[in-house]
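Colleague: Structure incoming, see below.
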Amino acid sequence: MKFKITKKIIMGIVTGLIIVVIAIQFVTVERTNPPVTGEINVTPELKSVLQKSCYDCHSNETVWPWYSKVAPVSWLVSKDVVEGREELNFSEWDKYTEKKRAKKMKEIIEEIDKGDMPMTIYTFMHNNAVLTEKEKELIKNWANEFKAQDDSILNNNLD
Ligand code: HEC
């Protein structure tokens, strides 16, 4: 069968797409900022670095930009925030045991060294979130110091 792409078919596809885009806006996603129960205790300098590069996914103070409210982008953003908070939440630091804190510090150093955080999909929209060498050092020095304090606990009891 020969298939001819007519204006009518194109219009049909476009209309279909518009309907789908409108319909998916009704799928609700998690986009809340739960209360901050125990903020991490760091210097103002380090805090501002973490805030600009990590807080949108690793705190309860996420800034939700307009595109984070439009599906399907909202699904991706919400997923990163939910998973990010699950892994590491600077707003619920009080809920972590000493052992868990030390483990998180080790992971932070690893992520910074690998250059995996902040995620590329994020820095694409947030250019200023890219860490400079100086900022990487600042985070790593802090994490190392923190980790060293708790290394004995961690080595005795790894989970
Ligand atoms: C766009 C959201 C986003 C930003 C911004 C972000 N992260 Fe993440 N982070 C995630 C997600 C999602 C995960 C869980 C999935 C994974 O490990 O890739 C994660 C996981 C982690 C982990 C745990 C990795 C492991 O070993 O399991 C650490 C540590 C971490 N991030 C540190 C940071 C630091 C430090 C920053 C800032 C410099 C940062 N992240 C910025 C989304 C983000």
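Naming scheme: A, B, ... for chains in displayed order of the structure tokens; residues 1 onward per chain; ligands 1 onward as shown.
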List all protein, DNA and RNA residues that have at least one atom no more than 6 Å from any atom of ligand 1, counting only C-alpha atoms and all ligand atoms, and write them as a ChimeraX atom specification.
Modeller: /A:50,53-54,56-57,80-81,83-84,87,104,107-108,111,117-119,122
Colleague: I want to know what sits within 10 Å of A:Thr32, based on only C-alpha atoms, with residues of the same chain fewer than 4 positions away left out; could you give that as a list in words?
Modeller: Asn60, Glu61, Thr62, Trp64, Ser78, Val81 and Val82 of chain A
Colleague: Taking into account only C-alpha atoms, which residue in the set A:Phe124, A:Trp142, A:Phe3, A:Phe26 is nearest to A:Val70?
Modeller: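 Looking at the shortest contact to A:Val70, the residue is A:Phe26.
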Colleague: With only C-alpha atoms as the basis for distance, which of A:Asn127, A:Lys103, A:Gly115, A:Gly38 is at the shortest distance from A:Ala148?
Modeller: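 Of all the options, A:Lys103 lies closest to A:Ala148.
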Colleague: To one decimal place in Å, what is the distance between atom CA of A:Ile19 and atom CA of A:Leu76?
Modeller: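 It comes out at 20.5 Å.
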Colleague: Could you pull the residues within 6 Å of stretch 89-100 of chain A, counting only C-alpha atoms, minus those fewer than 3 positions along the same chain, as a list in words?
Modeller: Val36, Thr37, Gly38, Glu39, Ile40, His58, Ser59, Asn60, Arg85, Lys103 and Leu154 of chain A
Colleague: Hey, can you spit out that residue selection with N, CA and C atoms as a PDB file, in the first residue's frame?
Modeller:
ATOM      1  N   VAL A  36      12.544  21.521  57.254  1.00  0.00           N
ATOM      2  CA  VAL A  36      13.954  21.269  57.551  1.00  0.00           C
ATOM      3  C   VAL A  36      14.031  20.871  59.018  1.00  0.00           C
ATOM      4  N   THR A  37      14.442  19.638  59.286  1.00  0.00           N
ATOM      5  CA  THR A  37      14.450  19.181  60.681  1.00  0.00           C
ATOM      6  C   THR A  37      15.813  19.391  61.337  1.00  0.00           C
ATOM      7  N   GLY A  38      16.881  19.222  60.566  1.00  0.00           N
ATOM      8  CA  GLY A  38      18.213  19.403  61.144  1.00  0.00           C
ATOM      9  C   GLY A  38      19.194  19.748  60.063  1.00  0.00           C
ATOM     10  N   GLU A  39      19.416  21.065  59.926  1.00  0.00           N
ATOM     11  CA  GLU A  39      20.311  21.564  58.892  1.00  0.00           C
ATOM     12  C   GLU A  39      21.760  21.170  59.198  1.00  0.00           C
ATOM     13  N   ILE A  40      22.518  20.875  58.157  1.00  0.00           N
ATOM     14  CA  ILE A  40      23.931  20.550  58.349  1.00  0.00           C
ATOM     15  C   ILE A  40      24.667  21.807  58.838  1.00  0.00           C
ATOM     16  N   HIS A  58      19.446  17.762  47.159  1.00  0.00           N
ATOM     17  CA  HIS A  58      19.857  17.133  48.424  1.00  0.00           C
ATOM     18  C   HIS A  58      19.469  17.951  49.643  1.00  0.00           C
ATOM     19  N   SER A  59      18.322  18.622  49.580  1.00  0.00           N
ATOM     20  CA  SER A  59      17.830  19.341  50.755  1.00  0.00           C
ATOM     21  C   SER A  59      16.310  19.427  50.634  1.00  0.00           C
ATOM     22  N   ASN A  60      15.689  19.989  51.664  1.00  0.00           N
ATOM     23  CA  ASN A  60      14.241  20.202  51.590  1.00  0.00           C
ATOM     24  C   ASN A  60      13.934  21.637  51.178  1.00  0.00           C
ATOM     25  N   ARG A  85      17.235  13.220  47.552  1.00  0.00           N
ATOM     26  CA  ARG A  85      16.973  13.381  48.985  1.00  0.00           C
ATOM     27  C   ARG A  85      17.122  12.060  49.726  1.00  0.00           C
ATOM     28  N   LYS A 103      29.837   7.780  56.304  1.00  0.00           N
ATOM     29  CA  LYS A 103      29.689   7.079  55.030  1.00  0.00           C
ATOM     30  C   LYS A 103      29.309   8.067  53.920  1.00  0.00           C
ATOM     31  N   LEU A 154      33.531   4.023  61.452  1.00  0.00           N
ATOM     32  CA  LEU A 154      33.212   3.411  60.169  1.00  0.00           C
ATOM     33  C   LEU A 154      33.993   2.109  59.956  1.00  0.00           C
TER      34      LEU A 154
END
Colleague: For each of A:Gln25, A:Asn144, A:Thr15, A:Gln149, take the minimum atom-to-atom distance to A:Val73, counting only C-alpha atoms, then give the residue where this is smallest.
Modeller: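 The shortest atom-to-atom distance to A:Val73 comes from A:Gln25.
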Colleague: Kindly indicate which residue among A:Glu145, A:Val20, A:Ile112, A:Leu46 lies nearest to A:Val130, using only C-alpha atoms for the distances.
Modeller: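 Ranking A:Glu145, A:Val20, A:Ile112, A:Leu46 by distance to A:Val130, first place goes to A:Ile112.
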Colleague: I'd like to know which residues of stretch 31-92 of chain A are alpha helix (DSSP H) (by DSSP, run on the backbone); could you write them as a list in words?
Modeller: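 The alpha helix (DSSP H) residues within stretch 31-92 of chain A come out as Pro44, Glu45, Leu46, Lys47, Ser48, Val49, Leu50, Gln51, Lys52, Ser53, Tyr55, Asp56, Cys57, His58, Val73, Ser74, Trp75, Leu76, Val77, Ser78, Lys79, Asp80, Val81, Val82, Glu83, Gly84, Arg85, Glu86 and Glu87 of chain A.
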Colleague: Take the selection from the previous step and output its residues with C-alpha atoms, as a JSON list (two decimals), in the first residue's frame.
Modeller:
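And here is the file that came out, part_25.json:
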[["chain", "number", "residue", "atom", "x", "y", "z"],
["A", 44, "PRO", "CA", 28.64, 30.19, 55.45],
["A", 45, "GLU", "CA", 31.15, 29.93, 52.59],
["A", 46, "LEU", "CA", 30.70, 26.17, 52.23],
["A", 47, "LYS", "CA", 26.98, 26.44, 52.74],
["A", 48, "SER", "CA", 26.62, 28.81, 49.80],
["A", 49, "VAL", "CA", 28.53, 26.38, 47.58],
["A", 50, "LEU", "CA", 26.33, 23.45, 48.66],
["A", 51, "GLN", "CA", 23.24, 25.62, 48.21],
["A", 52, "LYS", "CA", 24.06, 26.61, 44.65],
["A", 53, "SER", "CA", 25.28, 23.15, 43.52],
["A", 55, "TYR", "CA", 20.61, 21.83, 47.58],
["A", 56, "ASP", "CA", 18.06, 21.56, 44.77],
["A", 57, "CYS", "CA", 18.28, 17.75, 45.02],
["A", 58, "HIS", "CA", 19.86, 17.13, 48.42],
["A", 73, "VAL", "CA", 10.24, 17.51, 32.37],
["A", 74, "SER", "CA", 8.55, 17.62, 35.77],
["A", 75, "TRP", "CA", 8.72, 13.81, 35.98],
["A", 76, "LEU", "CA", 12.50, 13.83, 35.50],
["A", 77, "VAL", "CA", 13.08, 16.69, 37.94],
["A", 78, "SER", "CA", 10.84, 15.15, 40.57],
["A", 79, "LYS", "CA", 12.53, 11.77, 40.23],
["A", 80, "ASP", "CA", 15.99, 13.33, 40.72],
["A", 81, "VAL", "CA", 14.85, 15.26, 43.77],
["A", 82, "VAL", "CA", 13.12, 12.26, 45.37],
["A", 83, "GLU", "CA", 16.12, 9.99, 44.74],
["A", 84, "GLY", "CA", 18.62, 12.69, 45.62],
["A", 85, "ARG", "CA", 16.97, 13.38, 48.98],
["A", 86, "GLU", "CA", 16.83, 9.66, 49.67],
["A", 87, "GLU", "CA", 20.60, 9.33, 49.14]]
Colleague: To one decimal place, how far is atom CA of A:Lys136 from atom CA of A:Thr123 in Å?
Modeller: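 Those two atoms sit 15.1 Å apart.
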Colleague: Any idea what the distance is between atom CA of A:Lys134 and atom CA of A:Lys114?
Modeller: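 Atom CA of A:Lys114 lies 15.8 Å from atom CA of A:Lys134.
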